[in-house]
file entry-v8.cif (mmCIF, C-alpha atoms and all ligand atoms)
data_structure
loop_
_atom_site.label_atom_id
_atom_site.label_comp_id
_atom_site.auth_asym_id
_atom_site.auth_seq_id
_atom_site.Cartn_x
_atom_site.Cartn_y
_atom_site.Cartn_z
CA MET E 1 -1.86 36.21 -18.67
CA SER E 2 -1.50 37.58 -15.15
CA GLU E 3 -0.53 35.26 -12.32
CA THR E 4 -4.04 35.33 -10.83
CA GLU E 5 -5.59 34.35 -14.19
CA THR E 6 -3.28 31.33 -14.49
CA ASP E 7 -5.16 28.08 -14.98
CA ILE E 8 -4.34 26.34 -11.69
CA LYS E 9 -4.58 22.55 -11.69
CA LYS E 10 -5.36 22.12 -8.02
CA GLY E 11 -4.06 18.77 -6.81
CA LEU E 12 -2.50 18.32 -10.28
CA ALA E 13 -5.86 16.77 -11.25
CA GLY E 14 -5.86 15.80 -14.91
CA VAL E 15 -2.22 16.80 -15.42
CA VAL E 16 0.01 14.36 -17.33
CA VAL E 17 3.56 14.95 -16.10
CA ASP E 18 5.59 12.19 -17.80
CA TYR E 19 5.56 8.84 -19.56
CA THR E 20 5.75 5.58 -17.63
CA ALA E 21 6.09 2.01 -18.87
CA VAL E 22 5.55 0.49 -15.42
CA SER E 23 1.75 0.38 -15.31
CA LYS E 24 -1.31 1.62 -17.16
CA VAL E 25 -4.46 2.68 -15.37
CA ASN E 26 -7.49 2.88 -17.64
CA PRO E 27 -10.47 4.39 -15.81
CA ASP E 28 -12.78 3.95 -18.82
CA THR E 29 -12.40 0.18 -18.83
CA ASN E 30 -11.67 -0.10 -15.09
CA SER E 31 -8.44 -1.87 -15.89
CA LEU E 32 -4.93 -1.88 -14.52
CA LEU E 33 -1.95 -3.36 -16.36
CA TYR E 34 1.48 -4.02 -14.85
CA ARG E 35 3.96 -3.91 -17.76
CA GLY E 36 1.05 -4.89 -20.04
CA TYR E 37 -0.40 -7.73 -17.95
CA PRO E 38 -3.86 -7.36 -16.34
CA VAL E 39 -3.44 -7.20 -12.58
CA GLN E 40 -6.26 -9.68 -11.94
CA ASP E 41 -4.47 -12.28 -14.10
CA LEU E 42 -1.22 -11.72 -12.21
CA ALA E 43 -3.08 -12.01 -8.89
CA ALA E 44 -4.63 -15.30 -10.05
CA GLN E 45 -1.44 -16.93 -11.29
CA LYS E 46 1.76 -15.31 -10.06
CA SER E 47 3.70 -15.01 -6.83
CA PHE E 48 4.51 -11.58 -5.39
CA GLU E 49 8.19 -12.32 -6.06
CA GLU E 50 7.46 -12.77 -9.81
CA VAL E 51 5.38 -9.60 -9.92
CA ALA E 52 8.16 -7.58 -8.27
CA LEU E 53 10.66 -8.79 -10.88
CA LEU E 54 8.17 -7.94 -13.63
CA LEU E 55 7.77 -4.39 -12.32
CA TRP E 56 11.53 -3.87 -11.99
CA THR E 57 12.74 -5.45 -15.24
CA GLY E 58 9.73 -5.09 -17.55
CA GLU E 59 9.40 -8.86 -18.13
CA LEU E 60 8.26 -11.88 -16.16
CA PRO E 61 11.32 -13.82 -14.98
CA SER E 62 12.53 -17.08 -16.49
CA ALA E 63 12.60 -20.06 -14.12
CA ALA E 64 16.32 -19.48 -13.50
CA GLU E 65 15.88 -15.72 -12.87
CA LEU E 66 13.06 -16.41 -10.44
CA GLU E 67 15.08 -19.04 -8.60
CA GLU E 68 18.00 -16.65 -8.25
CA PHE E 69 15.78 -13.91 -6.79
CA VAL E 70 13.92 -16.31 -4.51
CA SER E 71 17.27 -17.49 -3.06
CA TYR E 72 18.40 -13.88 -2.64
CA GLU E 73 15.15 -12.85 -0.96
CA ARG E 74 15.28 -15.81 1.47
CA ALA E 75 18.92 -15.09 2.33
CA ASN E 76 18.32 -11.38 3.10
CA ARG E 77 15.33 -11.45 5.44
CA ALA E 78 16.98 -11.05 8.82
CA LEU E 79 16.49 -7.94 10.94
CA GLU E 80 19.81 -6.06 11.15
CA ASP E 81 20.99 -5.22 14.68
CA ASN E 82 21.04 -1.43 14.28
CA VAL E 83 17.58 -1.47 12.64
CA LYS E 84 16.26 -3.40 15.65
CA ALA E 85 18.04 -0.95 18.00
CA ALA E 86 16.55 2.06 16.18
CA VAL E 87 13.06 0.56 16.36
CA ASP E 88 13.54 -0.18 20.08
CA LEU E 89 14.25 3.52 20.68
CA LEU E 90 10.82 4.51 19.35
CA PRO E 91 7.89 4.71 21.76
CA LEU E 92 5.21 2.04 21.55
CA GLU E 93 2.65 4.85 21.25
CA CYS E 94 4.04 6.06 17.91
CA HIS E 95 2.37 4.95 14.71
CA PRO E 96 3.92 1.88 13.01
CA MET E 97 4.27 4.05 9.88
CA ASP E 98 6.78 6.14 11.87
CA VAL E 99 8.67 2.94 12.69
CA ALA E 100 8.63 1.89 9.03
CA ARG E 101 9.88 5.31 7.91
CA THR E 102 12.71 5.26 10.45
CA ALA E 103 13.70 1.66 9.68
CA VAL E 104 13.96 2.33 5.94
CA SER E 105 16.17 5.31 6.71
CA VAL E 106 18.51 3.06 8.72
CA LEU E 107 18.46 0.40 5.99
CA GLY E 108 19.59 3.12 3.57
CA ALA E 109 22.44 4.15 5.87
CA ASN E 110 23.50 0.50 6.09
CA HIS E 111 23.50 -0.25 2.37
CA PRO E 112 27.01 -0.21 0.89
CA LEU E 113 25.67 0.94 -2.50
CA ALA E 114 23.37 3.63 -1.05
CA GLU E 115 24.96 6.44 -3.08
CA ASP E 116 25.54 4.40 -6.26
CA PRO E 117 22.94 5.41 -8.87
CA SER E 118 23.92 2.78 -11.48
CA PRO E 119 21.04 0.57 -12.72
CA GLU E 120 22.73 -2.53 -11.22
CA ALA E 121 23.06 -0.90 -7.79
CA GLU E 122 19.50 0.44 -7.92
CA LEU E 123 18.10 -3.02 -8.68
CA GLU E 124 20.15 -4.54 -5.86
CA LYS E 125 18.80 -1.91 -3.43
CA ALA E 126 15.21 -2.53 -4.54
CA LYS E 127 15.61 -6.29 -3.94
CA SER E 128 17.32 -5.68 -0.61
CA LEU E 129 14.53 -3.40 0.65
CA LEU E 130 11.80 -5.79 -0.45
CA ALA E 131 13.53 -8.70 1.31
CA ARG E 132 14.34 -6.85 4.55
CA PHE E 133 11.15 -4.86 5.17
CA PRO E 134 8.81 -7.68 6.36
CA ALA E 135 11.06 -8.40 9.38
CA VAL E 136 10.73 -4.75 10.44
CA LEU E 137 6.96 -4.89 10.31
CA ALA E 138 6.76 -8.30 12.01
CA TYR E 139 9.16 -7.16 14.74
CA ASP E 140 7.14 -4.00 15.39
CA GLN E 141 3.84 -5.92 15.47
CA ARG E 142 5.27 -8.40 17.99
CA ARG E 143 6.95 -5.80 20.24
CA ARG E 144 3.60 -3.99 20.51
CA ARG E 145 2.09 -7.28 21.72
CA ASN E 146 4.98 -7.94 24.08
CA GLN E 147 5.99 -11.05 22.12
CA ASP E 148 9.46 -12.35 21.32
CA VAL E 149 10.92 -11.86 17.87
CA VAL E 150 10.40 -14.76 15.44
CA ALA E 151 13.29 -15.50 13.09
CA PRO E 152 12.61 -15.83 9.35
CA ARG E 153 12.44 -19.30 7.79
CA ASP E 154 14.09 -19.91 4.44
CA ASP E 155 11.87 -22.90 3.63
CA LEU E 156 8.85 -20.57 3.30
CA ASP E 157 7.99 -18.24 0.43
CA TYR E 158 7.64 -14.45 0.89
CA SER E 159 3.98 -14.49 1.95
CA GLN E 160 4.23 -17.61 4.14
CA ASN E 161 7.32 -16.25 5.88
CA PHE E 162 5.74 -12.81 6.41
CA LEU E 163 2.82 -14.40 8.26
CA TRP E 164 5.17 -16.78 10.10
CA MET E 165 7.39 -13.95 11.41
CA THR E 166 4.33 -11.94 12.46
CA ASN E 167 2.29 -14.67 14.14
CA GLY E 168 4.90 -17.29 15.09
CA GLU E 169 2.83 -20.00 13.43
CA GLU E 170 2.30 -21.23 9.90
CA ALA E 171 -0.78 -19.70 8.28
CA ALA E 172 -3.42 -21.79 6.51
CA PRO E 173 -2.99 -21.97 2.70
CA GLU E 174 -6.17 -19.89 2.18
CA VAL E 175 -4.75 -17.10 4.38
CA VAL E 176 -1.39 -17.18 2.62
CA ASP E 177 -3.13 -16.92 -0.73
CA ALA E 178 -5.29 -13.95 0.30
CA PHE E 179 -2.16 -12.24 1.63
CA ARG E 180 -0.28 -12.90 -1.64
CA VAL E 181 -3.20 -11.46 -3.62
CA SER E 182 -3.13 -8.29 -1.50
CA MET E 183 0.62 -7.91 -2.08
CA VAL E 184 0.16 -8.25 -5.86
CA LEU E 185 -2.73 -5.75 -5.94
CA TYR E 186 -1.01 -3.12 -3.79
CA ALA E 187 2.27 -3.30 -5.74
CA GLU E 188 1.79 -0.53 -8.28
CA HIS E 189 -0.63 2.14 -9.47
CA SER E 190 1.07 4.69 -11.76
CA PHE E 191 1.58 8.29 -10.54
CA ASN E 192 -0.30 8.09 -7.24
CA ALA E 193 0.72 10.53 -4.47
CA SER E 194 3.42 8.36 -2.86
CA THR E 195 4.94 7.22 -6.16
CA PHE E 196 4.99 10.79 -7.40
CA THR E 197 6.70 11.81 -4.15
CA ALA E 198 9.35 9.14 -4.76
CA ARG E 199 9.85 10.42 -8.30
CA VAL E 200 10.14 14.06 -7.16
CA ILE E 201 12.84 13.09 -4.64
CA THR E 202 14.66 10.96 -7.23
CA SER E 203 14.52 13.84 -9.70
CA THR E 204 16.85 15.87 -7.45
CA LEU E 205 19.40 13.01 -7.82
CA SER E 206 18.82 11.94 -4.25
CA ASP E 207 19.22 8.25 -3.34
CA MET E 208 16.69 5.40 -3.53
CA HIS E 209 16.16 4.98 0.22
CA SER E 210 15.49 8.72 0.66
CA ALA E 211 12.87 8.51 -2.08
CA VAL E 212 11.21 5.53 -0.37
CA VAL E 213 11.25 7.31 3.01
CA GLY E 214 9.45 10.27 1.40
CA ALA E 215 6.97 7.95 -0.27
CA ILE E 216 6.17 6.35 3.11
CA GLY E 217 5.34 9.82 4.44
CA ALA E 218 2.93 10.41 1.57
CA LEU E 219 1.36 6.98 1.94
CA LYS E 220 0.62 7.53 5.63
CA GLY E 221 -2.17 10.03 4.98
CA SER E 222 -5.76 8.82 5.14
CA LEU E 223 -6.55 10.16 1.66
CA HIS E 224 -4.00 7.63 0.37
CA GLY E 225 -2.70 4.42 2.01
CA GLY E 226 -3.93 5.34 5.48
CA ALA E 227 -7.44 4.63 4.22
CA ASN E 228 -7.14 0.85 4.76
CA GLU E 229 -6.61 1.53 8.47
CA ALA E 230 -9.39 4.14 8.50
CA VAL E 231 -11.83 1.62 6.98
CA MET E 232 -11.30 -0.63 9.98
CA HIS E 233 -11.90 2.27 12.34
CA THR E 234 -15.26 2.73 10.62
CA PHE E 235 -16.10 -0.95 11.14
CA GLU E 236 -15.00 -0.66 14.78
CA GLU E 237 -17.05 2.51 15.28
CA ILE E 238 -20.16 0.77 13.93
CA GLY E 239 -19.25 -2.18 16.19
CA ILE E 240 -18.08 -5.67 15.21
CA ARG E 241 -20.37 -8.21 16.88
CA LYS E 242 -19.12 -11.71 16.20
CA ASP E 243 -22.44 -13.46 16.84
CA GLU E 244 -24.53 -11.05 14.77
CA THR E 245 -26.21 -12.16 11.53
CA ARG E 246 -25.11 -10.70 8.24
CA GLU E 247 -28.50 -9.03 7.75
CA ALA E 248 -28.51 -7.35 11.18
CA ALA E 249 -24.95 -6.06 10.67
CA ALA E 250 -25.90 -4.67 7.24
CA ILE E 251 -28.83 -2.74 8.70
CA ARG E 252 -26.61 -1.10 11.35
CA ALA E 253 -23.94 -0.28 8.74
CA LYS E 254 -26.47 1.32 6.39
CA LYS E 255 -27.78 3.50 9.19
CA TRP E 256 -24.23 4.56 10.12
CA MET E 257 -23.45 5.50 6.52
CA GLU E 258 -26.67 7.51 6.11
CA GLU E 259 -25.84 9.49 9.23
CA ALA E 260 -22.20 10.00 8.16
CA LEU E 261 -23.22 11.29 4.74
CA ALA E 262 -25.90 13.52 6.24
CA ALA E 263 -23.13 15.01 8.41
CA LYS E 264 -21.08 15.52 5.18
CA LYS E 265 -18.32 13.15 6.34
CA LYS E 266 -15.78 11.70 3.93
CA VAL E 267 -15.96 7.97 4.38
CA MET E 268 -12.58 6.31 3.91
CA GLY E 269 -12.28 3.43 1.47
CA PHE E 270 -14.65 5.01 -1.03
CA GLY E 271 -13.90 7.12 -4.10
CA HIS E 272 -10.79 7.48 -6.22
CA ARG E 273 -9.05 10.32 -8.03
CA VAL E 274 -8.72 8.29 -11.24
CA TYR E 275 -11.47 5.65 -11.19
CA LYS E 276 -14.93 7.16 -11.13
CA ASN E 277 -16.77 3.90 -11.99
CA GLY E 278 -15.04 1.53 -9.61
CA ASP E 279 -11.48 0.54 -8.76
CA SER E 280 -10.09 -2.20 -11.04
CA ARG E 281 -8.53 -4.02 -8.08
CA VAL E 282 -11.63 -4.27 -5.90
CA PRO E 283 -13.29 -7.40 -7.44
CA THR E 284 -10.08 -9.45 -6.96
CA MET E 285 -9.51 -8.18 -3.41
CA LYS E 286 -13.18 -8.73 -2.54
CA LYS E 287 -12.80 -12.38 -3.61
CA ALA E 288 -9.85 -12.66 -1.20
CA LEU E 289 -11.95 -11.06 1.56
CA ASP E 290 -14.81 -13.50 0.84
CA ALA E 291 -12.35 -16.37 1.21
CA MET E 292 -11.23 -15.02 4.61
CA ILE E 293 -14.84 -14.53 5.75
CA ALA E 294 -15.60 -18.16 4.80
CA HIS E 295 -12.35 -19.45 6.35
CA PHE E 296 -12.87 -17.69 9.69
CA GLY E 297 -16.71 -17.98 9.66
CA ARG E 298 -17.25 -14.22 10.09
CA ASP E 299 -20.42 -13.42 8.15
CA GLU E 300 -21.12 -10.31 10.21
CA ILE E 301 -18.07 -8.63 8.60
CA LEU E 302 -19.68 -9.21 5.20
CA GLY E 303 -22.88 -7.63 6.53
CA LEU E 304 -21.00 -4.48 7.57
CA TYR E 305 -19.18 -4.41 4.22
CA ASP E 306 -22.34 -4.82 2.15
CA GLY E 307 -24.36 -2.37 4.24
CA LEU E 308 -21.85 0.46 3.90
CA GLU E 309 -21.29 -0.18 0.20
CA ALA E 310 -25.02 -0.26 -0.61
CA ALA E 311 -25.79 2.91 1.35
CA MET E 312 -22.91 4.80 -0.30
CA ALA E 313 -24.00 3.63 -3.78
CA GLU E 314 -27.60 4.66 -3.11
CA ALA E 315 -26.78 8.09 -1.71
CA LYS E 316 -23.75 9.20 -3.76
CA HIS E 317 -23.02 6.55 -6.44
CA ILE E 318 -19.45 6.36 -5.12
CA LYS E 319 -17.72 2.98 -5.30
CA PRO E 320 -15.18 1.34 -2.97
CA ASN E 321 -11.45 1.54 -3.61
CA LEU E 322 -8.86 -1.20 -2.91
CA ASP E 323 -8.48 -0.15 0.72
CA TYR E 324 -12.11 -1.03 1.44
CA PRO E 325 -11.85 -4.83 1.05
CA ALA E 326 -8.15 -4.85 2.10
CA GLY E 327 -8.83 -3.42 5.59
CA PRO E 328 -11.20 -6.17 6.82
CA THR E 329 -9.06 -8.83 5.08
CA TYR E 330 -6.01 -7.85 7.13
CA HIS E 331 -8.21 -7.64 10.25
CA LEU E 332 -9.39 -11.22 9.76
CA MET E 333 -5.78 -12.36 9.24
CA GLY E 334 -5.01 -11.06 12.73
CA PHE E 335 -2.98 -7.91 12.02
CA ASP E 336 -3.51 -4.95 14.35
CA THR E 337 -5.33 -2.13 12.54
CA GLN E 338 -2.33 0.22 12.70
CA MET E 339 -0.28 -2.36 10.76
CA PHE E 340 -2.45 -2.19 7.64
CA THR E 341 -0.69 0.76 5.96
CA PRO E 342 2.78 -0.67 6.70
CA LEU E 343 1.57 -3.81 4.88
CA PHE E 344 0.80 -1.56 1.91
CA ILE E 345 4.44 -0.36 2.09
CA ALA E 346 5.76 -3.94 2.00
CA SER E 347 4.06 -4.41 -1.34
CA ARG E 348 4.43 -0.91 -2.82
CA ILE E 349 8.22 -0.96 -2.29
CA SER E 350 8.22 -2.91 -5.58
CA GLY E 351 6.30 -0.25 -7.52
CA TRP E 352 8.06 2.73 -5.92
CA THR E 353 11.50 1.34 -6.68
CA ALA E 354 10.47 0.50 -10.28
CA HIS E 355 9.45 4.16 -10.69
CA ILE E 356 12.63 5.41 -9.02
CA MET E 357 14.68 3.42 -11.55
CA GLU E 358 12.54 4.69 -14.43
CA GLN E 359 12.84 8.30 -13.26
CA ARG E 360 16.60 8.01 -12.85
CA ALA E 361 17.04 6.49 -16.31
CA ASN E 362 15.45 9.52 -18.01
CA ASN E 363 15.57 12.28 -15.44
CA ALA E 364 14.36 15.88 -15.39
CA LEU E 365 14.11 17.85 -12.16
CA ILE E 366 10.44 18.04 -11.14
CA ARG E 367 9.80 21.62 -10.20
CA PRO E 368 6.38 23.14 -10.99
CA LEU E 369 5.44 26.82 -10.76
CA SER E 370 3.06 28.56 -8.40
CA ALA E 371 0.80 31.56 -8.86
CA TYR E 372 1.45 34.16 -6.15
CA ASN E 373 -1.65 35.45 -4.36
CA GLY E 374 -0.07 37.18 -1.35
CA PRO E 375 0.19 40.95 -0.76
CA ASP E 376 1.65 43.20 -3.49
CA GLN E 377 5.21 44.39 -3.00
CA ARG E 378 5.29 46.79 -0.03
CA GLU E 379 7.72 49.03 1.83
CA LEU E 380 9.59 47.53 4.76
N1 LIG U 1 -16.95 9.88 1.10
C1 LIG U 1 -17.89 10.82 0.90
N2 LIG U 1 -17.90 11.63 -0.19
C2 LIG U 1 -16.93 11.46 -1.09
C3 LIG U 1 -15.91 10.49 -0.94
C4 LIG U 1 -15.96 9.69 0.20
N3 LIG U 1 -15.02 8.75 0.41
N4 LIG U 1 -15.06 10.56 -1.98
C5 LIG U 1 -15.52 11.53 -2.78
N5 LIG U 1 -16.63 12.09 -2.23
C6 LIG U 1 -17.40 13.19 -2.78
C7 LIG U 1 -16.80 14.50 -2.35
O1 LIG U 1 -17.30 14.95 -1.12
C8 LIG U 1 -17.16 15.39 -3.50
O2 LIG U 1 -18.52 15.75 -3.37
P1 LIG U 1 -19.01 17.22 -3.73
O3 LIG U 1 -18.72 17.38 -5.20
O4 LIG U 1 -20.43 17.19 -3.37
O5 LIG U 1 -18.16 18.14 -2.89
C9 LIG U 1 -17.05 14.47 -4.72
O6 LIG U 1 -17.30 13.15 -4.20
C10 LIG U 1 -15.69 14.50 -5.38
O7 LIG U 1 -14.71 14.21 -4.40
P2 LIG U 1 -13.22 14.74 -4.37
O8 LIG U 1 -12.65 14.53 -3.01
O9 LIG U 1 -13.17 16.12 -4.95
O10 LIG U 1 -12.55 13.78 -5.40
P3 LIG U 1 -11.00 13.56 -5.55
O11 LIG U 1 -10.82 12.95 -6.88
O12 LIG U 1 -10.21 14.75 -5.20
O13 LIG U 1 -10.75 12.52 -4.35
C11 LIG U 1 -10.20 10.79 -2.98
C12 LIG U 1 -10.36 11.23 -4.43
C13 LIG U 1 -9.21 11.70 -2.25
C14 LIG U 1 -9.64 9.36 -2.96
C15 LIG U 1 -11.58 10.84 -2.27
O14 LIG U 1 -12.50 10.01 -2.96
C16 LIG U 1 -11.49 10.47 -0.82
O15 LIG U 1 -11.18 11.30 0.03
N6 LIG U 1 -11.75 9.16 -0.49
C17 LIG U 1 -11.58 8.69 0.85
C18 LIG U 1 -10.10 8.33 1.11
C19 LIG U 1 -9.69 7.03 0.52
O16 LIG U 1 -10.40 6.05 0.56
N7 LIG U 1 -8.47 7.01 -0.05
C20 LIG U 1 -7.88 5.81 -0.67
C21 LIG U 1 -7.53 6.07 -2.09
S1 LIG U 1 -7.13 4.58 -2.97
C22 LIG U 1 -5.63 4.06 -2.39
O17 LIG U 1 -4.85 4.80 -1.83
C23 LIG U 1 -5.30 2.58 -2.58
#

call {"tool": "encode", "arguments": {"input": "entry-v8.cif", "output": "structure tokens"}}
result
Amino acid sequence: MSETETDIKKGLAGVVVDYTAVSKVNPDTNSLLYRGYPVQDLAAQKSFEEVALLLWTGELPSAAELEEFVSYERANRALEDNVKAAVDLLPLECHPMDVARTAVSVLGANHPLAEDPSPEAELEKAKSLLARFPAVLAYDQRRRRNQDVVAPRDDLDYSQNFLWMTNGEEAAPEVVDAFRVSMVLYAEHSFNASTFTARVITSTLSDMHSAVVGAIGALKGSLHGGANEAVMHTFEEIGIRKDETREAAAIRAKKWMEEALAAKKKVMGFGHRVYKNGDSRVPTMKKALDAMIAHFGRDEILGLYDGLEAAMAEAKHIKPNLDYPAGPTYHLMGFDTQMFTPLFIASRISGWTAHIMEQRANNALIRPLSAYNGPDQREL
């Protein structure tokens, strides 16, 4: 076969590149399993800390294992001085994803086991990153609002403390729970673009933090994690009017979507490379969004949500992905729109690092081929 006749799998669509025991995505049944457990059951019953341990070790922790990790996580939350200094050097105009990428790089340089690829060192680095990252995000959110840094509190769990460090006040239980659900749902999703990036970097025998930095770069794009931010821009473009009825908001949203589709726009928060009949995580995240809408009394947000979804279904039969309900949920919780994709990082650190450990345990350099379609060999 000549190079030009090669069967190119553009975007690696449909290509199976390796085994994984971390999660199973089944588009036929719209289901997602983390280490065999349905994600909606984990979101209903388990803390994010338990889910992270499940992803890393393959099993849910015993009470003693969980207690040990919870103590570790609470003891390792503080923002390190040189991470804070590095963040302070970055302009306020830069995207918070750039801050996150830089901070993880510094955290890697700080870690004494950075270059140790043993399974014990890798697990320690995964735990360390998960514990330290929320302070980076909270610090960046607050510096953009010209607010003082809020120290972590070791009497609060991961989700409570995250919201505490960001807002400087304790969040209501309903808000904490919706946040926890989002962390569980964003944690892992097989060989998505950022996870695959992390595995490619790991496959060269590079270190864990480098792989996570690369994954953050991949996640930033609006075809991937950046979509939760882009969803909010859509809502903002349509216009969020706090005193509007749900019905009136839905009518405006439908009109916006019809015009966008007529102009052949890609609307962020809809569609998925793997799920063609709906994203398995959306019903659980939508329940969390509904709880936030009820808690904050913001029915007009539901109107915008329903209007866009209905118009997309009618015109193109394309369903929402996880980023669609996650965007307005984070908005209602009070996060700035640019912070939404960094929140995705906070959760996905668990899945990325689980994949990095899996890749390292059974490694082969990932190096595909290309078909050349440039000019034939010519004289210089
Ligand atoms: N808006 C409008 N049309 C869409 C959308 C959308 N969001 N998604 C797919 N389509 C259309 C395409 O235009 C295309 O139509 P055509 O055949 O008439 O040209 C058809 O559906 C197939 O779309 P592809 O982009 O080829 O499908 P692919 O599997 O490559 O894309 C992707 C999946 C990238 C997620 C796409 O649906 C998209 O761009 N969505 C918006 C971005 C987004 O929300 N990303 C988040 C992903 S989930 C996550 O990261 C948690």

call {"tool": "residues_near_ligand", "arguments": {"input": "entry-v8.cif", "ligand": "ligand LIG 1 (chain U)", "cutoff": "8 Å", "atoms": "all atoms listed in the file", "output": "number ranges by chain"}}
result
E: 11, 13, 186, 192, 219, 222-228, 231, 261, 264-274, 312, 316, 318, 320-324

call {"tool": "residues_around", "arguments": {"input": "entry-v8.cif", "residues": "Tyr72 of chain E", "least_positions_apart": "6", "cutoff": "9 Å", "atoms": "only C-alpha atoms", "output": "PyMOL selection string"}}
result
chain E and resi 127-128+131

call {"tool": "write_last_selection", "arguments": {"input": "entry-v8.cif", "atoms": "C-alpha atoms", "output": "PDB file, keeping the file's coordinate frame"}}
result
ATOM      1  CA  LYS E 127      15.610  -6.290  -3.940  1.00  0.00           C
ATOM      2  CA  SER E 128      17.320  -5.680  -0.610  1.00  0.00           C
ATOM      3  CA  ALA E 131      13.530  -8.700   1.310  1.00  0.00           C
TER       4      ALA E 131
END

call {"tool": "closest_residue", "arguments": {"input": "entry-v8.cif", "among": "E:Arg360, E:Lys9, E:Arg101, E:Arg142", "to": "Ser206 of chain E", "atoms": "only C-alpha atoms"}}
result
E:Arg360

call {"tool": "atom_distance", "arguments": {"input": "entry-v8.cif", "atom1": "atom CA of Ala178 of chain E", "atom2": "atom CA of Gly307 of chain E"}}
result
22.7 Å

call {"tool": "closest_residue", "arguments": {"input": "entry-v8.cif", "among": "E:Phe340, E:Tyr19, E:Tyr330, E:Trp56", "to": "Glu122 of chain E", "atoms": "only C-alpha atoms"}}
result
E:Trp56

call {"tool": "atom_distance", "arguments": {"input": "entry-v8.cif", "atom1": "atom CA of Arg348 of chain E", "atom2": "atom CA of Val212 of chain E"}}
result
9.7 Å

call {"tool": "closest_residue", "arguments": {"input": "entry-v8.cif", "among": "E:Val25, E:Val184, E:Ala311, E:Val213", "to": "Leu343 of chain E", "atoms": "all atoms listed in the file"}}
result
E:Val184

call {"tool": "closest_residue", "arguments": {"input": "entry-v8.cif", "among": "E:Ala346, E:Ala215, E:Leu55, E:Ala75", "to": "Arg199 of chain E", "atoms": "all atoms listed in the file"}}
result
E:Ala215

call {"tool": "residues_around", "arguments": {"input": "entry-v8.cif", "residues": "Ser71 of chain E", "least_positions_apart": "5", "cutoff": "9 Å", "atoms": "all atoms listed in the file", "output": "PyMOL selection string"}}
result
chain E and resi 66+76+154

call {"tool": "closest_residue", "arguments": {"input": "entry-v8.cif", "among": "E:Glu49, E:Val181, E:Pro91, E:Asp81", "to": "Glu68 of chain E", "atoms": "only C-alpha atoms"}}
result
E:Glu49

call {"tool": "residues_around", "arguments": {"input": "entry-v8.cif", "residues": "Asp177 of chain E", "least_positions_apart": "2", "cutoff": "12 Å", "atoms": "all atoms listed in the file", "output": "VMD selection string"}}
result
chain E and resid 43 to 48 157 to 160 163 171 to 175 179 to 184 284 to 285 287 to 289 291 to 292 295 329 333

call {"tool": "residues_around", "arguments": {"input": "entry-v8.cif", "residues": "Tyr37 of chain E", "least_positions_apart": "2", "cutoff": "12 Å", "atoms": "all atoms listed in the file", "output": "PyMOL selection string"}}
result
chain E and resi 21-25+31-35+39-46+51+54-55+58-60

call {"tool": "closest_residue", "arguments": {"input": "entry-v8.cif", "among": "E:His95, E:Lys10, E:Arg143, E:Arg132", "to": "Asn161 of chain E", "atoms": "all atoms listed in the file"}}
result
E:Arg132

call {"tool": "atom_distance", "arguments": {"input": "entry-v8.cif", "atom1": "atom CA of Ser370 of chain E", "atom2": "atom CA of Lys220 of chain E"}}
result
25.4 Å

call {"tool": "residues_around", "arguments": {"input": "entry-v8.cif", "residues": "Ile301 of chain E", "least_positions_apart": "2", "cutoff": "9 Å", "atoms": "only C-alpha atoms", "output": "PyMOL selection string"}}
result
chain E and resi 235+240-242+246+249-250+293+298-299+303-306+328

call {"tool": "residues_near_point", "arguments": {"input": "entry-v8.cif", "point": "(-14.0, -2.9, -12.8)", "cutoff": "10 Å", "atoms": "all atoms listed in the file", "output": "mmCIF file with C-alpha atoms, in the coordinates of the input"}}
result
data_model
loop_
_atom_site.group_PDB
_atom_site.id
_atom_site.type_symbol
_atom_site.label_atom_id
_atom_site.label_comp_id
_atom_site.auth_asym_id
_atom_site.auth_seq_id
_atom_site.Cartn_x
_atom_site.Cartn_y
_atom_site.Cartn_z
ATOM 1 C CA ASN E 26 -7.490 2.880 -17.640
ATOM 2 C CA PRO E 27 -10.470 4.390 -15.810
ATOM 3 C CA ASP E 28 -12.780 3.950 -18.820
ATOM 4 C CA THR E 29 -12.400 0.180 -18.830
ATOM 5 C CA ASN E 30 -11.670 -0.100 -15.090
ATOM 6 C CA SER E 31 -8.440 -1.870 -15.890
ATOM 7 C CA LEU E 32 -4.930 -1.880 -14.520
ATOM 8 C CA TYR E 275 -11.470 5.650 -11.190
ATOM 9 C CA ASN E 277 -16.770 3.900 -11.990
ATOM 10 C CA GLY E 278 -15.040 1.530 -9.610
ATOM 11 C CA ASP E 279 -11.480 0.540 -8.760
ATOM 12 C CA SER E 280 -10.090 -2.200 -11.040
ATOM 13 C CA ARG E 281 -8.530 -4.020 -8.080
ATOM 14 C CA VAL E 282 -11.630 -4.270 -5.900
ATOM 15 C CA PRO E 283 -13.290 -7.400 -7.440
ATOM 16 C CA THR E 284 -10.080 -9.450 -6.960
#
